[in-house]
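Peer 1: The structure is given below, and queries will be raised subsequently.
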Amino acid sequence: MDGIKRKKGTALPDSEAPSERNNDIYLGLQNNLPPPGNRIGNKKSAKNYGKGFLIFFIISFTITLFWVIFFSWKIHSTSKKIIITNDNNSSFVSSLKSIVAPIITNKREELKGEEKNRINILLLGAAGEGKAGKNLTDTIMIMSINTQTKKLALLSLPRDLYVKIPETKSYSKINSLYQYGLSNNEGVETVKKSVEEITGLDINYYLIINYDGFKKVIDDLGGVNVYVERDIYDTRFPGSNFSYETFKLEKGLHKMDGETALKFVRERHNDPEGDFGRAKRQQNMIQAAKSKFFSFRTLLNVFALNKILDDLGNNVKTDIQIDEIEGLLAISREVDSQNITNAVADAWEKDSLLKVSHVFYGNIRAFILVPRVGNWSEIQELSENIFDLDAIRRKEAEIEKENVKITVINQSSDRQLASKIRDLLESKMKFKSVIVKSPPTPDIREETAVYDRTGKNKIFSLNEIIKKLPARLPPEDSGIIDAREDSDLVIVLGRDLEEKYSFEEDSIEEFNKAQELEF
């Protein structure tokens, strides 16, 4: 050092000797460790971090606990108002357990329909107390949830569908059945039974909401974004005290408040598809509201949830039990909102499943909608296959390939029945070769039968006729059919189809014109 040689073991002067701190620095560097001062700071930082994390955890846990308790209490109190058929003795503690248990144990109450992987909920919309037509259900929709694929489907039934009132011999428009049930102390059961008969579905739950509830919930959500497919300009939209007002909306994306949303789903005078177009708009609104409700912002907004539950409690009726709510919410959150199947039973297109007709109430001609075939089989087929509509198209393709030849023989007492059935087979059911022949005898048959001359080699066409006409398949032709008859299928009409096809078919233009005169 500086040219000075020192003996081994000679101590360095104090000015040159490494200090204890410098040595620590040296050793620390050698061992890739922070200096003592930094280690102390790190220990303090770690201690402060741990303390901060603990405080954050306590605050978060407290907020979550408060949210769960509040939400449970709110659901409990709301359920007392909206659930019609429930255990009114259920306590808040049991309600809290119902909400919390699935979170802790990942287990929940099994919902009706889950064993079949399909939950069907009947959605009814009515004006409500103090409104014109207060309990007429102008919105009738079945929401189906496939619990396996997490897909959602909406099927709308028109309010003018003419149906048999369950347990009676009388008929009425379907939108009056809820009011009928209330008047006979049956509540929603009457319309529920009718919808089950029409669709062939088991209705697992129902939910009824009135106009005020709909508007308020949309406002509670902060409005919803809905795309309007065409300009709307209706100068005859129903206003207060049986008056009219103008409702207009331009094509494009709109953020709608409750009032605008209600008008959007009710408007039909300016829609070229009338009630059927309205049903499609209602389905679009449900999709938009569902997406907004299950958004992260809404679910964490305790004030919004509080207001939504308050408004639901005052304007909704259901039979969904409190211990089933969490399960439905969980499934609903998993449903793909961008992949919803929408279907409307209508009479608008050539391939529509309904047709327009009319009945008379005294001297008043009332337009109605009835199935184009002699029963509800086509709507039932649509309902059953709504998650796989390609199944219907595949069947239709097979029928087209079979290219059957059909002969119709009329042995009913209605001389016009054969031409009605021929028109149905050709124009609606798309059979290409249909002829009508005179009956071999003047005898009147009671039951319609279809005779198969192919040895069941054209089974798709045969099943279609048996199911939809409807007709029965006799074990043999009993000699009624000429052996030289060049047909694959021979349909012999009986009296059982006379009432089923008694409705005269009117035009969709007449139907829509009549709708314009109504509110």
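Residues in the structure tokens are named by chain (A, B, ... in the order shown) and by number from 1 within that chain; ligands are numbered from 1 in the order shown.
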Can you pull out every residue from segment 298-485 of chain A that DSSP, working from the backbone, puts in alpha helix (DSSP H), and format the result as number ranges by chain?
Peer 2: A: 298-299, 302-315, 322-334, 377-384, 390-402, 417-423, 459-468
Peer 1: Select from segment 258-287 of chain A every residue with an atom at most 12 Å from any atom of segment 138-141 of chain A, then for each give the shortest pair of atoms and their distance in Å to one decimal, using only C-alpha atoms, rows by chain and rising number, as CSV.
Peer 2:
residue,atom,partner,partner_atom,distance
A:Leu262,CA,A:Thr139,CA,11.9
A:Val265,CA,A:Thr139,CA,9.3
A:Arg266,CA,A:Asp138,CA,8.7
A:Glu267,CA,A:Asp138,CA,11.5
A:Arg268,CA,A:Asp138,CA,11.5
A:Asp275,CA,A:Asp138,CA,9.4
A:Phe276,CA,A:Thr139,CA,11.0
A:Arg278,CA,A:Thr139,CA,9.3
A:Ala279,CA,A:Thr139,CA,7.6
A:Lys280,CA,A:Met141,CA,10.7
A:Arg281,CA,A:Thr139,CA,11.1
A:Gln282,CA,A:Thr139,CA,8.2
A:Gln283,CA,A:Met141,CA,8.6
A:Ile286,CA,A:Met141,CA,10.7
Peer 1: Check the DSSP output for the backbone and give back, as JSON, numbers by chain, the residues of segment 201-405 of chain A in strand (DSSP E or B).
Peer 2: {"A": [205, 206, 207, 208, 209, 210, 224, 225, 226, 227, 228, 232, 233, 234, 235, 236, 237, 238, 244, 245, 246, 247, 248, 249, 252, 253, 254, 255, 256, 316, 317, 318, 340, 341, 342, 343, 344, 354, 355, 356, 357, 358, 359, 360, 361, 364, 365, 366, 367, 368, 369, 370, 371, 405]}
Peer 1: With C-alpha atoms retained, could you export that selection as a compact mmCIF listing (two decimals), in the first residue's frame?
Peer 2:
# COMPACT_ATOMS: atom_id res chain seq x y z
CA TYR A 205 -91.90 -21.73 -12.15
CA TYR A 206 -93.77 -18.57 -13.06
CA LEU A 207 -93.13 -14.86 -12.65
CA ILE A 208 -95.64 -12.04 -13.18
CA ILE A 209 -94.59 -8.39 -13.45
CA ASN A 210 -96.70 -5.28 -14.05
CA VAL A 224 -80.39 -0.57 -20.66
CA ASN A 225 -78.76 -0.51 -24.08
CA VAL A 226 -81.02 -1.85 -26.83
CA TYR A 227 -80.58 -1.80 -30.60
CA VAL A 228 -83.69 -0.58 -32.45
CA ILE A 232 -90.64 3.78 -34.90
CA TYR A 233 -93.26 6.49 -35.25
CA ASP A 234 -96.59 5.69 -33.59
CA THR A 235 -99.12 8.53 -33.26
CA ARG A 236 -101.64 6.25 -31.55
CA PHE A 237 -99.67 4.94 -28.62
CA PRO A 238 -102.06 4.51 -25.64
CA TYR A 244 -103.34 8.73 -27.47
CA GLU A 245 -99.79 10.08 -27.61
CA THR A 246 -96.93 9.95 -30.10
CA PHE A 247 -94.03 7.58 -29.56
CA LYS A 248 -91.03 7.83 -31.85
CA LEU A 249 -87.60 6.23 -31.85
CA GLY A 252 -79.87 2.46 -33.91
CA LEU A 253 -78.48 1.80 -30.43
CA HIS A 254 -80.33 3.52 -27.59
CA LYS A 255 -79.85 3.69 -23.84
CA MET A 256 -83.46 3.46 -22.67
CA VAL A 316 -93.86 -8.97 -8.94
CA LYS A 317 -95.52 -12.27 -8.05
CA THR A 318 -93.82 -15.66 -8.32
CA ILE A 340 -79.98 -16.87 -26.84
CA THR A 341 -82.52 -18.67 -29.04
CA ASN A 342 -85.59 -16.53 -29.73
CA ALA A 343 -88.79 -17.98 -31.19
CA VAL A 344 -92.26 -16.52 -31.71
CA LEU A 354 -100.57 -20.30 -36.61
CA LYS A 355 -103.26 -18.89 -38.88
CA VAL A 356 -105.68 -15.95 -38.53
CA SER A 357 -109.38 -16.65 -38.03
CA HIS A 358 -112.31 -15.09 -36.18
CA VAL A 359 -115.19 -15.80 -33.83
CA PHE A 360 -118.30 -13.78 -33.06
CA TYR A 361 -119.20 -12.40 -29.66
CA ILE A 364 -118.82 -8.37 -32.79
CA ARG A 365 -116.29 -10.11 -35.02
CA ALA A 366 -113.16 -10.87 -32.99
CA PHE A 367 -109.96 -11.95 -34.71
CA ILE A 368 -108.11 -14.88 -33.18
CA LEU A 369 -105.08 -17.08 -33.85
CA VAL A 370 -105.37 -20.86 -34.08
CA PRO A 371 -102.90 -23.64 -35.03
CA LYS A 405 -97.56 -39.37 -53.25
Peer 1: Identify, on the basis of only C-alpha atoms, every residue whose closest approach to Asn120 of chain A does not exceed 9 Å; exclude the query and any residue fewer than 5 positions from it along the same chain; express the result as a PyMOL selection string.
Peer 2: chain A and resi 112-113+142-145+201-206
Peer 1: Hey, can you check how far atom CA of Asp319 of chain A sits from atom CA of Ile82 of chain A?
Peer 2: 8.1 Å
Peer 1: Report as a list in words all protein, DNA and RNA residues lying within 12 Å of Glu398 of chain A, evaluated on only C-alpha atoms, omitting residues in the same chain fewer than 6 positions from it.
Peer 2: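 Close residues of Glu398 of chain A: Ala391, Ile392, Val404, Phe431, Asn457, Lys458, Ile459, Phe460, Ser461, Leu462, Asn463 and Glu464 of chain A.
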Peer 1: Could you check which of A:Leu182, A:Ala153, A:Ala132, A:Val408 is closest to Ser337 of chain A, using only C-alpha atoms?
Peer 2: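 Counting only C-alpha atoms, the residue closest to Ser337 of chain A is A:Ala153.
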Peer 1: Which residues are close to Lys192 of chain A, i.e. within 9 Å by only C-alpha atoms, leaving aside same-chain residues fewer than 2 positions away? Reply as a list in words.
Peer 2: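 Final neighbour list, sorted by chain and number: Leu122, Leu177, Tyr178, Val188, Glu189, Thr190, Ser194, Val195, Glu196, Glu197, Ile203 and Tyr206 of chain A.
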Peer 1: For those residues, write C-alpha atoms to a file as a PDB file, in the first residue's frame.
Peer 2:
ATOM      1  CA  LEU A 122     -93.482 -18.814 -17.455  1.00  0.00           C
ATOM      2  CA  LEU A 177    -106.843 -16.706 -18.579  1.00  0.00           C
ATOM      3  CA  TYR A 178    -104.917 -15.073 -15.730  1.00  0.00           C
ATOM      4  CA  VAL A 188    -102.031 -18.365 -12.228  1.00  0.00           C
ATOM      5  CA  GLU A 189    -102.882 -22.085 -12.449  1.00  0.00           C
ATOM      6  CA  THR A 190    -105.396 -21.641 -15.279  1.00  0.00           C
ATOM      7  CA  SER A 194    -103.081 -23.909 -20.787  1.00  0.00           C
ATOM      8  CA  VAL A 195     -99.450 -23.079 -21.643  1.00  0.00           C
ATOM      9  CA  GLU A 196     -98.398 -26.597 -20.637  1.00  0.00           C
ATOM     10  CA  GLU A 197    -101.034 -28.086 -22.951  1.00  0.00           C
ATOM     11  CA  ILE A 203     -93.773 -25.265 -16.355  1.00  0.00           C
ATOM     12  CA  TYR A 206     -93.765 -18.575 -13.060  1.00  0.00           C
TER      13      TYR A 206
END
Peer 1: Between A:Asp390, A:Glu396, A:Asp220, A:Glu349, which residue has the minimum interatomic distance to Arg372 of chain A, considering only C-alpha atoms?
Peer 2: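 For Arg372 of chain A, the nearest of the given residues is A:Glu349.
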Peer 1: Could you state the separation of atom CA of Ala288 of chain A and atom CA of Glu129 of chain A in Å, given to one decimal place?
Peer 2: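 Separation between atom CA of Ala288 of chain A and atom CA of Glu129 of chain A: 26.5 Å.
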Peer 1: What lies within 12 Å of Ser291 of chain A using only C-alpha atoms, ignoring chain neighbours under 3 positions off, as a list in words?
Peer 2: Ile218, Leu221, Gly223, Val224, Asn225, Val226, Asn284, Met285, Ile286, Gln287, Ala288, Phe294, Ser295, Phe296, Arg297, Thr298, Leu299, Ser332, Arg333, Glu334, Val335, Asp336, Ser337, Gln338, Asn339 and Ile340 of chain A
Peer 1: Just the selected residues (N, CA and C atoms), exported as a PDB file, in the first residue's frame, please.
Peer 2:
ATOM      1  N   ILE A 218     -85.985  -1.141 -14.712  1.00  0.00           N
ATOM      2  CA  ILE A 218     -85.096  -0.626 -15.763  1.00  0.00           C
ATOM      3  C   ILE A 218     -84.399   0.648 -15.285  1.00  0.00           C
ATOM      4  N   LEU A 221     -81.665  -0.091 -12.804  1.00  0.00           N
ATOM      5  CA  LEU A 221     -80.453  -0.602 -13.453  1.00  0.00           C
ATOM      6  C   LEU A 221     -79.645   0.512 -14.122  1.00  0.00           C
ATOM      7  N   GLY A 223     -80.889   2.222 -16.685  1.00  0.00           N
ATOM      8  CA  GLY A 223     -81.204   2.129 -18.107  1.00  0.00           C
ATOM      9  C   GLY A 223     -80.514   0.938 -18.755  1.00  0.00           C
ATOM     10  N   VAL A 224     -80.988   0.560 -19.934  1.00  0.00           N
ATOM     11  CA  VAL A 224     -80.395  -0.569 -20.655  1.00  0.00           C
ATOM     12  C   VAL A 224     -80.133  -0.171 -22.102  1.00  0.00           C
ATOM     13  N   ASN A 225     -79.114  -0.766 -22.687  1.00  0.00           N
ATOM     14  CA  ASN A 225     -78.760  -0.506 -24.081  1.00  0.00           C
ATOM     15  C   ASN A 225     -79.452  -1.504 -24.996  1.00  0.00           C
ATOM     16  N   VAL A 226     -80.252  -0.995 -25.918  1.00  0.00           N
ATOM     17  CA  VAL A 226     -81.016  -1.848 -26.828  1.00  0.00           C
ATOM     18  C   VAL A 226     -80.878  -1.302 -28.251  1.00  0.00           C
ATOM     19  N   ASN A 284     -85.730  -9.099 -26.924  1.00  0.00           N
ATOM     20  CA  ASN A 284     -84.487  -8.322 -26.948  1.00  0.00           C
ATOM     21  C   ASN A 284     -84.302  -7.536 -25.656  1.00  0.00           C
ATOM     22  N   MET A 285     -85.395  -7.008 -25.117  1.00  0.00           N
ATOM     23  CA  MET A 285     -85.318  -6.237 -23.872  1.00  0.00           C
ATOM     24  C   MET A 285     -84.903  -7.135 -22.708  1.00  0.00           C
ATOM     25  N   ILE A 286     -85.416  -8.352 -22.654  1.00  0.00           N
ATOM     26  CA  ILE A 286     -85.042  -9.285 -21.592  1.00  0.00           C
ATOM     27  C   ILE A 286     -83.549  -9.584 -21.655  1.00  0.00           C
ATOM     28  N   GLN A 287     -83.031  -9.780 -22.874  1.00  0.00           N
ATOM     29  CA  GLN A 287     -81.603 -10.031 -23.017  1.00  0.00           C
ATOM     30  C   GLN A 287     -80.786  -8.852 -22.485  1.00  0.00           C
ATOM     31  N   ALA A 288     -81.193  -7.636 -22.833  1.00  0.00           N
ATOM     32  CA  ALA A 288     -80.456  -6.441 -22.407  1.00  0.00           C
ATOM     33  C   ALA A 288     -80.519  -6.263 -20.899  1.00  0.00           C
ATOM     34  N   PHE A 294     -76.581  -8.595 -14.342  1.00  0.00           N
ATOM     35  CA  PHE A 294     -75.473  -9.441 -13.904  1.00  0.00           C
ATOM     36  C   PHE A 294     -74.098  -8.814 -14.177  1.00  0.00           C
ATOM     37  N   SER A 295     -74.096  -7.542 -14.513  1.00  0.00           N
ATOM     38  CA  SER A 295     -72.813  -6.860 -14.670  1.00  0.00           C
ATOM     39  C   SER A 295     -72.169  -6.677 -13.305  1.00  0.00           C
ATOM     40  N   PHE A 296     -70.846  -6.618 -13.279  1.00  0.00           N
ATOM     41  CA  PHE A 296     -70.085  -6.497 -12.033  1.00  0.00           C
ATOM     42  C   PHE A 296     -70.506  -5.249 -11.261  1.00  0.00           C
ATOM     43  N   ARG A 297     -70.723  -4.153 -11.997  1.00  0.00           N
ATOM     44  CA  ARG A 297     -71.058  -2.887 -11.346  1.00  0.00           C
ATOM     45  C   ARG A 297     -72.387  -2.972 -10.610  1.00  0.00           C
ATOM     46  N   THR A 298     -73.383  -3.616 -11.214  1.00  0.00           N
ATOM     47  CA  THR A 298     -74.705  -3.709 -10.590  1.00  0.00           C
ATOM     48  C   THR A 298     -74.676  -4.598  -9.351  1.00  0.00           C
ATOM     49  N   LEU A 299     -74.020  -5.749  -9.441  1.00  0.00           N
ATOM     50  CA  LEU A 299     -74.018  -6.698  -8.330  1.00  0.00           C
ATOM     51  C   LEU A 299     -73.295  -6.155  -7.107  1.00  0.00           C
ATOM     52  N   SER A 332     -78.248 -18.425 -13.848  1.00  0.00           N
ATOM     53  CA  SER A 332     -78.447 -17.286 -14.751  1.00  0.00           C
ATOM     54  C   SER A 332     -77.141 -16.570 -15.045  1.00  0.00           C
ATOM     55  N   ARG A 333     -76.262 -16.509 -14.050  1.00  0.00           N
ATOM     56  CA  ARG A 333     -74.972 -15.848 -14.258  1.00  0.00           C
ATOM     57  C   ARG A 333     -74.121 -16.610 -15.273  1.00  0.00           C
ATOM     58  N   GLU A 334     -74.305 -17.928 -15.336  1.00  0.00           N
ATOM     59  CA  GLU A 334     -73.501 -18.758 -16.224  1.00  0.00           C
ATOM     60  C   GLU A 334     -74.043 -18.819 -17.650  1.00  0.00           C
ATOM     61  N   VAL A 335     -75.290 -18.374 -17.826  1.00  0.00           N
ATOM     62  CA  VAL A 335     -75.916 -18.460 -19.143  1.00  0.00           C
ATOM     63  C   VAL A 335     -75.241 -17.504 -20.116  1.00  0.00           C
ATOM     64  N   ASP A 336     -75.046 -17.962 -21.342  1.00  0.00           N
ATOM     65  CA  ASP A 336     -74.431 -17.160 -22.387  1.00  0.00           C
ATOM     66  C   ASP A 336     -75.461 -16.173 -22.945  1.00  0.00           C
ATOM     67  N   SER A 337     -75.344 -14.902 -22.538  1.00  0.00           N
ATOM     68  CA  SER A 337     -76.316 -13.886 -22.956  1.00  0.00           C
ATOM     69  C   SER A 337     -76.227 -13.556 -24.438  1.00  0.00           C
ATOM     70  N   GLN A 338     -75.105 -13.882 -25.067  1.00  0.00           N
ATOM     71  CA  GLN A 338     -74.927 -13.561 -26.475  1.00  0.00           C
ATOM     72  C   GLN A 338     -75.392 -14.692 -27.391  1.00  0.00           C
ATOM     73  N   ASN A 339     -75.868 -15.783 -26.798  1.00  0.00           N
ATOM     74  CA  ASN A 339     -76.265 -16.933 -27.604  1.00  0.00           C
ATOM     75  C   ASN A 339     -77.633 -17.433 -27.149  1.00  0.00           C
ATOM     76  N   ILE A 340     -78.626 -16.560 -27.285  1.00  0.00           N
ATOM     77  CA  ILE A 340     -79.985 -16.873 -26.844  1.00  0.00           C
ATOM     78  C   ILE A 340     -80.849 -17.203 -28.060  1.00  0.00           C
TER      79      ILE A 340
END
